Amino acid sequence: MAQPMSGTNQRAQIKMSAAEVEAYLDGRRTASMCTINPDGSIHAVAMWYGFCEGALAFETKTKSQKIQNLLRNPNLTVMIEDGDYYEELRGVTLVGRGEIVSEPDRIWELGVSVFERYNAPYTEEMKPFVEIMLRNRSVVKLHVDRTVTWDHSKLGLPSTRPAG
């Protein structure tokens with residue numbers, strides 16, 4: 001596996017621009033959502049995401065551990081990443097606060113967003129499926145305080161992907 005050159009600060013070189021972050025988050029990916037458990041340990045779960053009022057958001061069971069954690073401590077970190085080899089690694093980490101959304105119109109907006117990202121374009125015929133998906137659900141909207149990004153393809157390293 002290729003390793004970064006020691007002693008060289010490549011942080012600025014691998015940062016994504018705001019436009020690159022937006023395009024990356026628009027992709028159909030899975031996020032790792034991290035909240036803090038009552039004992040201080042991290043509760044990390046894989047989540048599909050969408051957008052609510054322009055912000056990254058998730059739908060989850062109202063009684064889930066994530067919601068219980070956020071009610072106690074709103075700190076929320078989300079990481080979305082991809083790449084199988086060092087020179088391909090890309091990702092975005094968003095650090096902020098989770099807002100628990102319970103208003104039906106706002107939940108519906110996120111539900112349609114998630115449905116379209118991971119299933120199919122929304123039509124009125126799909127309404128019953130989205131309604132079922134959102135039953136007993138709340139939305140967690142992320143208010144971002146800090147963004148960390150990386151795109152190792154910007155390093156121009158040779159591929160370590162096996163031939164074949």
# chains A, B, ... in the order shown; residues from 1 in each chain; ligands from 1
$ residues_around --residues "A:Val140" --least-positions-apart "4" --cutoff "7 Å" --atoms "only C-alpha atoms" --output "PyMOL selection string"
chain A and resi 57-59+98-101
$ write_last_selection --atoms "C-alpha atoms" --output "PDB file, in the first residue's frame"
ATOM      1  CA  ALA A  57     -30.276  15.128   7.311  1.00  0.00           C
ATOM      2  CA  PHE A  58     -31.321  11.600   8.271  1.00  0.00           C
ATOM      3  CA  GLU A  59     -34.579   9.854   9.067  1.00  0.00           C
ATOM      4  CA  GLY A  98     -28.084  17.615  15.406  1.00  0.00           C
ATOM      5  CA  GLU A  99     -31.526  19.215  15.402  1.00  0.00           C
ATOM      6  CA  ILE A 100     -34.359  16.768  15.969  1.00  0.00           C
ATOM      7  CA  VAL A 101     -37.163  17.616  13.577  1.00  0.00           C
TER       8      VAL A 101
END
$ residues_around --residues "A:Glu87" --least-positions-apart "5" --cutoff "9 Å" --atoms "only C-alpha atoms" --output "count of residues only"
12
$ closest_residue --among "A:Thr77, A:Leu110, A:Ser102, A:Pro162" --to "A:Val144" --atoms "only C-alpha atoms"
A:Thr77
$ closest_residue --among "A:Gly111, A:Pro38, A:Gly91, A:Pro74" --to "A:Gly50" --atoms "only C-alpha atoms"
A:Gly111
$ closest_residue --among "A:Phe51, A:Ile14, A:Glu81, A:Lys63" --to "A:Ile107" --atoms "only C-alpha atoms"
A:Phe51
$ atom_distance --atom1 "atom CA of A:Ala46" --atom2 "atom CA of A:Arg161"
25.9 Å
$ residues_around --residues "A:Ile42" --least-positions-apart "5" --cutoff "12 Å" --atoms "only C-alpha atoms" --output "number ranges by chain"
A: 32-37, 65-66, 69-70, 73, 75-78
$ select_by_dssp --residues "chain A" --states "strand (DSSP E)" --output "JSON, numbers by chain"
{"A": [31, 32, 33, 34, 35, 36, 42, 43, 44, 45, 46, 47, 50, 51, 52, 55, 56, 57, 58, 59, 60, 61, 75, 76, 77, 78, 79, 80, 81, 82, 90, 91, 92, 93, 94, 95, 96, 97, 98, 99, 100, 101, 137, 138, 139, 140, 141, 142, 143, 144, 145, 146, 147, 148, 149, 150, 151]}
$ closest_residue --among "A:Ser138, A:Asp105, A:Ala23, A:Glu125" --to "A:Thr62" --atoms "only C-alpha atoms"
A:Ser138
$ residues_around --residues "A:Phe115" --least-positions-apart "3" --cutoff "10 Å" --atoms "only C-alpha atoms" --output "short mmCIF file (atom, residue, chain, number, x, y, z; two decimals) with C-alpha atoms, in the first residue's frame"
data_model
loop_
_atom_site.label_atom_id
_atom_site.label_comp_id
_atom_site.auth_asym_id
_atom_site.auth_seq_id
_atom_site.Cartn_x
_atom_site.Cartn_y
_atom_site.Cartn_z
CA TRP A 48 -28.59 6.86 4.21
CA TYR A 49 -29.00 10.61 4.07
CA GLY A 50 -30.83 13.31 2.21
CA LEU A 110 -36.40 14.70 4.00
CA GLY A 111 -38.32 11.49 3.31
CA VAL A 112 -38.76 12.38 -0.35
CA TYR A 118 -31.64 5.62 -2.89
CA ASN A 119 -34.73 4.25 -4.65
CA ALA A 120 -36.36 6.07 -7.57
CA PRO A 121 -37.71 9.46 -8.62
CA TYR A 122 -40.66 10.45 -6.46
CA MET A 126 -44.77 6.47 -4.56
CA PHE A 129 -44.13 3.90 0.17
CA VAL A 130 -42.68 7.13 1.54
CA MET A 133 -40.90 4.67 5.37
#
$ closest_residue --among "A:Ile80, A:Arg72, A:Glu53, A:Ile67" --to "A:Thr30" --atoms "only C-alpha atoms"
A:Ile80
$ closest_residue --among "A:Glu131, A:Glu109, A:Glu124, A:Asp145" --to "A:Gly96" --atoms "only C-alpha atoms"
A:Asp145
